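Heads up, work-v6.csv below (CSV, C-alpha atoms):
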chain,number,residue,atom,x,y,z
A,1,MET,CA,-10.8,-20.4,12.2
A,2,ILE,CA,-10.4,-18.8,8.8
A,3,TYR,CA,-12.1,-15.5,9.7
A,4,TRP,CA,-9.9,-15.0,12.7
A,5,GLN,CA,-6.8,-15.8,10.7
A,6,LEU,CA,-7.8,-13.2,8.1
A,7,PHE,CA,-8.6,-10.7,10.8
A,8,TRP,CA,-5.3,-11.2,12.6
A,9,THR,CA,-3.2,-11.2,9.4
A,10,TYR,CA,-4.7,-8.0,8.1
A,11,CYS,CA,-4.4,-6.3,11.5
A,12,LYS,CA,-0.7,-7.1,11.3
A,13,ILE,CA,-0.5,-5.7,7.7
A,14,GLY,CA,-2.3,-2.5,8.9
A,15,LEU,CA,0.0,-2.1,11.9
A,16,PHE,CA,3.4,-2.9,10.3
A,17,GLY,CA,2.8,-1.6,6.8
A,18,PHE,CA,5.0,1.4,6.5
A,19,GLY,CA,6.0,3.5,3.5
A,20,GLY,CA,3.0,3.2,1.2
A,21,GLY,CA,1.5,0.6,-1.1
A,22,TYR,CA,4.6,-0.8,-2.7
A,23,ALA,CA,6.5,-1.0,0.5
A,24,MET,CA,3.5,-3.0,2.0
A,25,LEU,CA,3.6,-5.6,-0.8
A,26,SER,CA,6.3,-7.7,0.7
A,27,LEU,CA,4.5,-7.9,4.0
A,28,ILE,CA,1.2,-8.8,2.2
A,29,GLN,CA,3.0,-11.4,0.1
A,30,HIS,CA,4.9,-12.8,3.1
A,31,GLU,CA,1.6,-13.4,5.0
A,32,VAL,CA,-0.7,-14.3,2.1
A,33,VAL,CA,1.5,-16.3,-0.2
A,34,GLU,CA,4.2,-17.8,1.9
A,35,LYS,CA,2.7,-18.2,5.4
A,36,HIS,CA,-0.9,-19.0,4.7
A,37,ALA,CA,-0.7,-20.0,1.0
A,38,TRP,CA,-4.1,-18.3,0.4
A,39,LEU,CA,-2.9,-17.3,-3.1
A,40,SER,CA,-0.1,-18.6,-5.4
A,41,ALA,CA,2.6,-16.1,-6.3
A,42,GLY,CA,1.1,-15.8,-9.8
A,43,GLU,CA,-2.4,-15.1,-8.4
A,44,PHE,CA,-0.9,-12.5,-6.1
A,45,THR,CA,0.7,-10.7,-9.0
A,46,ASP,CA,-2.7,-10.7,-10.8
A,47,VAL,CA,-4.2,-9.0,-7.7
A,48,VAL,CA,-1.4,-6.4,-7.9
A,49,ALA,CA,-2.2,-5.9,-11.6
A,50,ILE,CA,-6.0,-5.6,-10.9
A,51,SER,CA,-5.2,-3.1,-8.1
A,52,GLN,CA,-3.2,-0.9,-10.5
A,53,MET,CA,-6.0,-0.8,-13.0
A,54,THR,CA,-8.8,-0.1,-10.5
A,55,PRO,CA,-9.1,2.9,-8.2
A,56,GLY,CA,-8.2,2.6,-4.6
A,57,PRO,CA,-5.2,1.7,-2.5
A,58,ILE,CA,-3.5,-1.8,-2.8
A,59,GLY,CA,-3.9,-2.4,0.9
A,60,ILE,CA,-7.7,-2.2,0.7
A,61,ASN,CA,-7.8,-4.0,-2.7
A,62,SER,CA,-5.8,-7.0,-1.6
A,63,ALA,CA,-7.8,-7.3,1.6
A,64,THR,CA,-11.1,-7.2,-0.2
A,65,TYR,CA,-9.9,-9.7,-2.9
A,66,ILE,CA,-8.2,-12.1,-0.7
A,67,GLY,CA,-11.0,-12.0,1.9
A,68,TYR,CA,-13.4,-13.1,-0.7
A,69,THR,CA,-11.2,-15.8,-2.4
A,70,VAL,CA,-10.2,-17.4,0.9
A,71,THR,CA,-13.7,-17.6,2.4
A,72,GLY,CA,-15.8,-17.6,-0.8
A,73,ASN,CA,-18.2,-15.0,0.6
A,74,VAL,CA,-18.5,-11.3,1.2
A,75,TRP,CA,-17.9,-11.6,5.0
A,76,GLY,CA,-14.3,-12.5,4.3
A,77,SER,CA,-13.8,-9.3,2.4
A,78,ILE,CA,-15.5,-7.2,5.1
A,79,VAL,CA,-13.4,-8.8,7.9
A,80,ALA,CA,-10.1,-8.4,6.1
A,81,THR,CA,-10.8,-4.8,5.0
A,82,PHE,CA,-12.0,-3.8,8.5
A,83,ALA,CA,-8.9,-5.4,10.0
A,84,VAL,CA,-6.5,-3.6,7.8
A,85,CYS,CA,-8.1,-0.2,8.8
A,86,LEU,CA,-8.4,-1.0,12.5
A,87,PRO,CA,-4.8,-0.1,13.6
A,88,SER,CA,-5.1,3.2,11.8
A,89,PHE,CA,-8.3,4.1,13.7
A,90,ILE,CA,-6.8,3.2,17.1
A,91,LEU,CA,-3.6,5.1,16.4
A,92,VAL,CA,-5.3,8.2,15.1
A,93,LEU,CA,-7.7,8.3,18.1
A,94,MET,CA,-4.7,7.8,20.4
A,95,ILE,CA,-2.8,10.7,19.0
A,96,ALA,CA,-5.9,12.8,18.2
A,97,LYS,CA,-5.3,15.1,21.1
A,98,ALA,CA,-1.7,15.7,20.3
A,99,TYR,CA,-1.4,16.1,16.5
A,100,GLN,CA,1.3,18.7,16.4
A,101,LYS,CA,3.2,17.1,19.2
A,102,PHE,CA,3.2,13.8,17.4
A,103,SER,CA,4.6,15.0,14.0
A,104,SER,CA,7.3,17.1,15.6
A,105,ASN,CA,8.1,14.5,18.2
A,106,ARG,CA,11.8,13.7,18.1
A,107,TRP,CA,11.4,10.0,18.9
A,108,VAL,CA,9.0,9.7,15.9
A,109,ASN,CA,11.6,11.4,13.8
A,110,TYR,CA,14.4,9.2,15.1
A,111,ALA,CA,12.4,6.0,14.2
A,112,PHE,CA,12.0,7.3,10.7
A,113,LEU,CA,15.7,7.7,10.3
A,114,GLY,CA,15.7,3.9,10.2
A,115,LEU,CA,12.3,3.3,8.5
A,116,ARG,CA,13.0,5.5,5.5
A,117,PRO,CA,16.0,3.7,4.1
A,118,VAL,CA,14.4,0.3,4.9
A,119,THR,CA,11.3,1.3,2.8
A,120,VAL,CA,13.6,1.0,-0.2
A,121,GLY,CA,14.6,-2.5,0.9
A,122,LEU,CA,10.9,-3.5,1.4
A,123,ILE,CA,10.0,-2.5,-2.2
A,124,ALA,CA,13.1,-4.3,-3.5
A,125,SER,CA,12.2,-7.5,-1.7
A,126,ALA,CA,8.7,-7.3,-3.1
A,127,THR,CA,10.2,-7.1,-6.6
A,128,LEU,CA,12.6,-10.0,-5.9
A,129,LEU,CA,9.9,-12.2,-4.4
A,130,LEU,CA,7.8,-11.7,-7.6
A,131,MET,CA,10.7,-12.6,-9.9
A,132,ASN,CA,9.8,-16.3,-9.8
A,133,LYS,CA,9.0,-19.1,-12.2
A,134,GLU,CA,5.3,-18.4,-12.1
A,135,ASN,CA,5.7,-14.9,-13.3
A,136,PHE,CA,8.6,-15.5,-15.6
A,137,THR,CA,7.8,-18.5,-17.7
A,138,ASP,CA,10.1,-17.9,-20.7
A,139,TYR,CA,12.4,-15.5,-22.5
A,140,LYS,CA,9.3,-13.5,-23.6
A,141,SER,CA,8.5,-12.7,-20.0
A,142,VAL,CA,12.0,-11.4,-19.4
A,143,LEU,CA,11.7,-9.2,-22.5
A,144,ILE,CA,8.3,-7.9,-21.4
A,145,PHE,CA,9.8,-7.1,-18.0
A,146,PHE,CA,12.6,-5.0,-19.5
A,147,ILE,CA,10.4,-3.2,-22.0
A,148,ALA,CA,7.9,-2.4,-19.2
A,149,PHE,CA,10.6,-1.2,-16.9
A,150,VAL,CA,12.0,1.2,-19.6
A,151,LEU,CA,8.6,2.5,-20.6
A,152,THR,CA,7.6,3.2,-16.9
A,153,LYS,CA,10.9,4.5,-15.6
A,154,TYR,CA,12.4,6.5,-18.5
A,155,LEU,CA,9.4,7.3,-20.7
A,156,LYS,CA,7.1,7.9,-17.8
A,157,MET,CA,4.3,5.9,-19.3
A,158,HIS,CA,1.2,5.7,-17.1
A,159,PRO,CA,1.0,2.3,-15.3
A,160,ILE,CA,-2.6,1.6,-16.6
A,161,VAL,CA,-1.5,2.3,-20.2
A,162,MET,CA,1.5,0.1,-19.7
A,163,ILE,CA,-0.5,-2.8,-18.3
A,164,VAL,CA,-3.0,-2.6,-21.1
A,165,LEU,CA,-0.2,-2.7,-23.7
A,166,ALA,CA,1.3,-5.7,-21.9
A,167,GLY,CA,-2.1,-7.4,-22.0
A,168,ILE,CA,-2.4,-6.8,-25.7
A,169,SER,CA,1.2,-8.1,-26.3
A,170,GLY,CA,0.1,-11.3,-24.4
A,171,LEU,CA,-2.6,-11.9,-26.9
A,172,LEU,CA,-0.1,-11.5,-29.8
A,173,LEU,CA,2.8,-13.4,-28.2
A,174,TYR,CA,1.2,-16.4,-26.6
B,1,MET,CA,-26.6,18.4,2.9
B,2,ASN,CA,-25.3,17.8,6.4
B,3,LEU,CA,-21.6,17.5,7.1
B,4,TYR,CA,-21.6,13.7,7.5
B,5,TRP,CA,-23.1,13.2,4.0
B,6,GLN,CA,-20.6,15.8,2.6
B,7,LEU,CA,-17.7,14.0,4.2
B,8,PHE,CA,-19.0,10.6,3.0
B,9,TYR,CA,-19.7,11.8,-0.6
B,10,THR,CA,-16.4,13.7,-0.8
B,11,PHE,CA,-14.3,10.7,0.2
B,12,ILE,CA,-16.3,8.4,-2.1
B,13,LYS,CA,-15.3,10.7,-5.0
B,14,ILE,CA,-11.7,10.6,-3.8
B,15,GLY,CA,-11.8,6.8,-3.5
B,16,ALA,CA,-13.5,6.3,-6.9
B,17,PHE,CA,-11.3,8.5,-9.0
B,18,THR,CA,-7.8,7.9,-7.9
B,19,PHE,CA,-5.8,5.2,-9.4
B,20,GLY,CA,-2.4,4.0,-8.1
B,21,GLY,CA,-2.9,4.4,-4.4
B,22,GLY,CA,-2.6,6.9,-1.6
B,23,TYR,CA,-0.1,9.4,-3.0
B,24,ALA,CA,-1.9,9.8,-6.3
B,25,MET,CA,-4.9,10.8,-4.2
B,26,LEU,CA,-3.2,13.7,-2.5
B,27,PRO,CA,-3.9,16.4,-5.1
B,28,LEU,CA,-7.6,15.4,-5.3
B,29,ILE,CA,-7.9,15.4,-1.5
B,30,GLU,CA,-6.3,18.8,-1.3
B,31,ARG,CA,-8.6,20.2,-4.0
B,32,GLU,CA,-11.7,18.9,-2.3
B,33,MET,CA,-10.8,19.7,1.3
B,34,VAL,CA,-8.7,22.9,1.1
B,35,VAL,CA,-9.8,24.6,-2.1
B,36,ARG,CA,-13.5,23.6,-2.6
B,37,LYS,CA,-14.9,22.9,0.8
B,38,LYS,CA,-12.4,25.0,2.8
B,39,TRP,CA,-12.6,22.5,5.6
B,40,ILE,CA,-9.0,23.0,6.6
B,41,ASP,CA,-6.3,25.5,5.5
B,42,ALA,CA,-3.3,24.6,3.5
B,43,THR,CA,-0.8,24.5,6.4
B,44,GLU,CA,-3.0,22.3,8.4
B,45,PHE,CA,-3.4,20.0,5.4
B,46,ILE,CA,0.4,19.6,5.1
B,47,ASP,CA,0.7,18.8,8.8
B,48,ARG,CA,-2.0,16.2,8.6
B,49,VAL,CA,-0.4,14.6,5.5
B,50,ALA,CA,2.9,14.4,7.5
B,51,ILE,CA,1.0,12.6,10.3
B,52,ALA,CA,-0.8,10.2,7.9
B,53,GLN,CA,2.6,9.4,6.4
B,54,SER,CA,4.2,8.6,9.8
B,55,LEU,CA,1.4,6.2,10.7
B,56,PRO,CA,1.4,2.6,9.5
B,57,GLY,CA,-1.3,1.3,7.3
B,58,VAL,CA,-3.1,2.5,4.2
B,59,PHE,CA,-2.2,6.1,3.6
B,60,ALA,CA,-5.6,7.1,2.0
B,61,VAL,CA,-7.5,5.6,4.9
B,62,ASN,CA,-5.2,7.4,7.4
B,63,ILE,CA,-5.8,10.8,5.8
B,64,SER,CA,-9.6,10.2,5.6
B,65,ILE,CA,-9.7,9.3,9.3
B,66,LEU,CA,-7.7,12.4,10.2
B,67,ALA,CA,-9.9,14.6,8.1
B,68,GLY,CA,-13.1,13.1,9.4
B,69,TYR,CA,-11.9,13.3,13.0
B,70,ARG,CA,-11.0,17.0,12.5
B,71,LEU,CA,-14.5,17.9,11.3
B,72,LYS,CA,-16.8,15.6,13.3
B,73,GLY,CA,-14.8,13.6,15.8
B,74,ASN,CA,-15.1,9.8,16.1
B,75,LYS,CA,-18.2,9.5,13.9
B,76,GLY,CA,-16.7,11.8,11.3
B,77,SER,CA,-13.6,9.6,11.0
B,78,ILE,CA,-15.7,6.5,10.5
B,79,VAL,CA,-17.9,8.1,7.9
B,80,ALA,CA,-14.9,9.5,5.9
B,81,ALA,CA,-13.0,6.2,6.0
B,82,LEU,CA,-16.1,4.3,4.9
B,83,GLY,CA,-16.4,6.7,1.9
B,84,ALA,CA,-12.7,6.3,1.0
B,85,ILE,CA,-12.9,2.5,1.2
B,86,LEU,CA,-16.3,1.8,-0.4
B,87,PRO,CA,-15.5,2.3,-4.1
B,88,SER,CA,-12.5,0.0,-4.2
B,89,PHE,CA,-14.3,-2.5,-2.0
B,90,VAL,CA,-17.2,-2.7,-4.4
B,91,ILE,CA,-15.1,-2.8,-7.5
B,92,ILE,CA,-12.7,-5.4,-6.2
B,93,LEU,CA,-15.5,-7.6,-4.9
B,94,LEU,CA,-17.2,-7.6,-8.3
B,95,ILE,CA,-13.8,-8.5,-9.9
B,96,ALA,CA,-13.3,-11.2,-7.3
B,97,LEU,CA,-16.7,-12.6,-8.2
B,98,PHE,CA,-16.2,-12.6,-11.9
B,99,PHE,CA,-12.4,-12.9,-12.5
B,100,ARG,CA,-12.3,-16.3,-11.0
B,101,GLN,CA,-14.8,-17.5,-13.6
B,102,PHE,CA,-12.8,-15.9,-16.4
B,103,ASN,CA,-9.2,-16.8,-15.4
B,104,GLU,CA,-9.6,-20.3,-16.9
B,105,ASN,CA,-10.4,-18.6,-20.2
B,106,VAL,CA,-7.5,-19.1,-22.7
B,107,TYR,CA,-7.4,-15.4,-23.8
B,108,VAL,CA,-7.5,-14.1,-20.2
B,109,MET,CA,-4.6,-16.5,-19.4
B,110,LYS,CA,-2.6,-15.2,-22.4
B,111,ILE,CA,-3.3,-11.6,-21.3
B,112,PHE,CA,-2.2,-12.2,-17.7
B,113,LYS,CA,0.8,-14.2,-18.7
B,114,ALA,CA,2.2,-11.0,-20.2
B,115,ILE,CA,0.9,-8.7,-17.6
B,116,ARG,CA,2.6,-10.5,-14.7
B,117,PRO,CA,6.2,-9.6,-15.7
B,118,ALA,CA,5.1,-6.1,-16.6
B,119,VAL,CA,3.7,-5.7,-13.0
B,120,VAL,CA,7.0,-6.9,-11.6
B,121,ALA,CA,8.6,-4.1,-13.6
B,122,LEU,CA,6.1,-1.6,-12.2
B,123,ILE,CA,7.2,-2.5,-8.7
B,124,ALA,CA,10.9,-2.4,-9.6
B,125,VAL,CA,10.7,1.2,-10.8
B,126,PRO,CA,9.8,2.8,-7.4
B,127,VAL,CA,12.8,0.9,-5.8
B,128,PHE,CA,15.0,3.4,-7.6
B,129,SER,CA,12.9,6.5,-7.3
B,130,THR,CA,12.3,5.9,-3.6
B,131,ALA,CA,16.0,5.3,-3.1
B,132,LYS,CA,16.6,8.7,-4.6
B,133,GLU,CA,13.9,10.4,-2.5
B,134,VAL,CA,15.1,9.1,0.8
B,135,GLY,CA,18.7,9.9,-0.1
B,136,ILE,CA,20.3,6.5,-0.2
B,137,ASN,CA,24.1,6.8,-0.8
B,138,ILE,CA,27.1,4.4,-0.8
B,139,ARG,CA,27.3,4.6,3.0
B,140,THR,CA,23.6,3.9,3.6
B,141,LEU,CA,23.1,1.4,0.7
B,142,ILE,CA,23.8,-1.5,3.1
B,143,ILE,CA,20.5,-0.8,5.0
B,144,PRO,CA,18.0,-1.4,2.1
B,145,VAL,CA,20.2,-4.2,0.7
B,146,ALA,CA,20.3,-6.0,4.1
B,147,ALA,CA,16.5,-5.5,4.5
B,148,ALA,CA,15.8,-6.9,1.0
B,149,PHE,CA,18.0,-9.9,1.5
B,150,LEU,CA,16.6,-10.8,4.9
B,151,ILE,CA,13.1,-10.8,3.5
B,152,TRP,CA,13.7,-12.3,0.1
B,153,PHE,CA,16.6,-14.7,0.7
B,154,TRP,CA,16.1,-15.8,4.3
B,155,GLY,CA,12.3,-15.4,4.4
B,156,VAL,CA,12.4,-13.1,7.5
B,157,SER,CA,9.0,-11.5,8.1
B,158,PRO,CA,8.9,-7.8,7.1
B,159,VAL,CA,7.3,-7.2,10.5
B,160,TYR,CA,10.7,-7.9,12.2
B,161,VAL,CA,12.6,-5.8,9.6
B,162,VAL,CA,10.3,-2.9,10.2
B,163,LEU,CA,10.6,-3.2,14.0
B,164,ALA,CA,14.4,-3.5,13.7
B,165,ALA,CA,14.5,-0.4,11.4
B,166,ALA,CA,12.5,1.7,13.9
B,167,ILE,CA,14.6,0.6,16.9
B,168,GLY,CA,17.8,1.2,14.9
B,169,GLY,CA,16.6,4.7,14.0
B,170,LEU,CA,15.8,5.4,17.6
B,171,ILE,CA,19.2,4.3,18.8
B,172,TYR,CA,21.0,6.2,15.9
B,173,GLY,CA,19.0,9.4,16.5
B,174,LYS,CA,19.6,9.3,20.3
B,175,LEU,CA,23.4,8.7,19.9
B,176,LYS,CA,23.6,11.5,17.3
B,177,SER,CA,21.7,14.0,19.5
B,178,ASP,CA,23.8,13.1,22.5
B,179,LYS,CA,27.0,13.8,20.5
B,180,SER,CA,25.7,17.2,19.2
B,181,THR,CA,24.6,18.4,22.7
B,182,PRO,CA,27.5,17.8,25.0
B,183,LYS,CA,26.6,17.6,28.7
B,184,THR,CA,27.6,20.6,30.8
Rewrite the structure from the file as structure tokens, please.
Amino acid sequence: MIYWQLFWTYCKIGLFGFGGGYAMLSLIQHEVVEKHAWLSAGEFTDVVAISQMTPGPIGINSATYIGYTVTGNVWGSIVATFAVCLPSFILVLMIAKAYQKFSSNRWVNYAFLGLRPVTVGLIASATLLLMNKENFTDYKSVLIFFIAFVLTKYLKMHPIVMIVLAGISGLLLY
Amino acid sequence: MNLYWQLFYTFIKIGAFTFGGGYAMLPLIEREMVVRKKWIDATEFIDRVAIAQSLPGVFAVNISILAGYRLKGNKGSIVAALGAILPSFVIILLIALFFRQFNENVYVMKIFKAIRPAVVALIAVPVFSTAKEVGINIRTLIIPVAAAFLIWFWGVSPVYVVLAAAIGGLIYGKLKSDKSTPKT
């Protein structure tokens, strides 16, 4: 059943998504695009773009959007959004009585010795997965990619401004 | 206004006015919770941020649950999380309703054709900044490279990569601490 699949998928994303929004992308993409084919790679990129231009975390945004598109009604959004938050609730309530102990726990620190460098790989894989034919249709796409990269990384342009500029360039170029 | 409403309202504000995800929310959360409402002090705030970062899931939701729990227990955590989620939930739902009618429009298609590669660039940038932050060097470069290849090239689920990373970290940390504290 589709609601159960949505619920289980977003529980997994909530439970194994480490290292913030960008690091969660490859996990979301793996589940949503490759495993369940709920969205195409291009549509998934559009959801990321919309997430960047609207307030709120990508984990919630993708759950709400995909929940709706997959089921065609609001309940899909509610189920997916609830599911992505559920592991957080359970974990917080579990450690609630031992906050300080948890953050200074040496086993937690050890695990992060491995998780921290892998976060970089997770973000890199999200980038590589999105470098596909759907997102890069011609040489103009490649050009836009490099210009956007330089604007964001070196000139520290705000992501929203950069996406708006890219959108305008699309009207002019295509 | 009772404390539940204040929690709910405060996290709605935080959810509605922060673009770019959890970490962008931090200064606003700190201003609301520590400076304006004085719900918790600065040191406790930093501790809680550290815990929210160590937990999996959506960072903004984690920090709202922790803050709500601190003030009003289980019910407080639900109220705060609902507040943090609600703005993006409503906005994205409206977009999901309307975007699907517009994405056949020729101008919208042109716009998104150019936005797609730009978004890929947006995700490529934090690869380098995060690498610097976590201190990746020539010796440790193999870890992110291997992780990226497993997921991208071999289609391994990131779930296994995350599990392997945590287990690898545990083993490495244990071995290192055994070495530095010789048995008597």
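In this comparison, which uses all atoms listed in the file, the residue of B:Val125, B:Ile167, B:Ala131, B:Ile65 approaching A:Ala111 most closely is B:Ile167.
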With the cut-off set at 6 Å and counting only C-alpha atoms, tabulate each residue of chain B with an atom at most that distance from an atom of chain A, showing the nearest atom pair and its distance in Å to one decimal, ordered by chain and increasing number, as a tab-separated table.
residue	atom	partner	partner_atom	distance
B:Gly15	CA	A:Gly56	CA	5.6
B:Ala16	CA	A:Pro55	CA	5.7
B:Thr18	CA	A:Pro55	CA	5.2
B:Phe19	CA	A:Pro55	CA	4.2
B:Gly20	CA	A:Gln52	CA	5.5
B:Gly21	CA	A:Pro57	CA	4.0
B:Gly22	CA	A:Pro57	CA	5.9
B:Ile51	CA	A:Ser103	CA	5.7
B:Pro56	CA	A:Phe18	CA	4.8
B:Gly57	CA	A:Gly14	CA	4.2
B:Val58	CA	A:Gly59	CA	6.0
B:Ser88	CA	A:Gly56	CA	5.0
B:Phe89	CA	A:Thr64	CA	6.0
B:Ala96	CA	A:Tyr65	CA	5.8
B:Lys110	CA	A:Gly170	CA	5.1
B:Ile111	CA	A:Gly167	CA	4.4
B:Ala114	CA	A:Gly170	CA	4.7
B:Ile115	CA	A:Ala166	CA	5.3
B:Arg116	CA	A:Asn135	CA	5.6
B:Pro117	CA	A:Phe145	CA	4.9
B:Ala118	CA	A:Phe145	CA	5.0
B:Val120	CA	A:Thr127	CA	5.9
B:Ala121	CA	A:Phe149	CA	4.8
B:Ile123	CA	A:Thr127	CA	5.9
B:Ala124	CA	A:Thr127	CA	5.6
B:Val125	CA	A:Lys153	CA	5.8
B:Val127	CA	A:Val120	CA	5.7
B:Ala131	CA	A:Val120	CA	5.7
B:Pro144	CA	A:Gly121	CA	3.8
B:Val145	CA	A:Gly121	CA	5.9
B:Ala147	CA	A:Gly121	CA	5.1
B:Ala148	CA	A:Ser125	CA	4.5
B:Trp152	CA	A:Ser125	CA	5.3
B:Pro158	CA	A:Leu27	CA	5.4
B:Val159	CA	A:Phe16	CA	5.8
B:Ala165	CA	A:Gly114	CA	4.6
B:Ala166	CA	A:Ala111	CA	4.3
B:Gly168	CA	A:Gly114	CA	5.8
B:Gly169	CA	A:Gly114	CA	4.0
B:Leu170	CA	A:Tyr110	CA	4.8
B:Gly173	CA	A:Tyr110	CA	4.8
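Taking atom CA of A:Trp38 and atom CA of A:Phe7 as endpoints, the distance between them is 13.6 Å.
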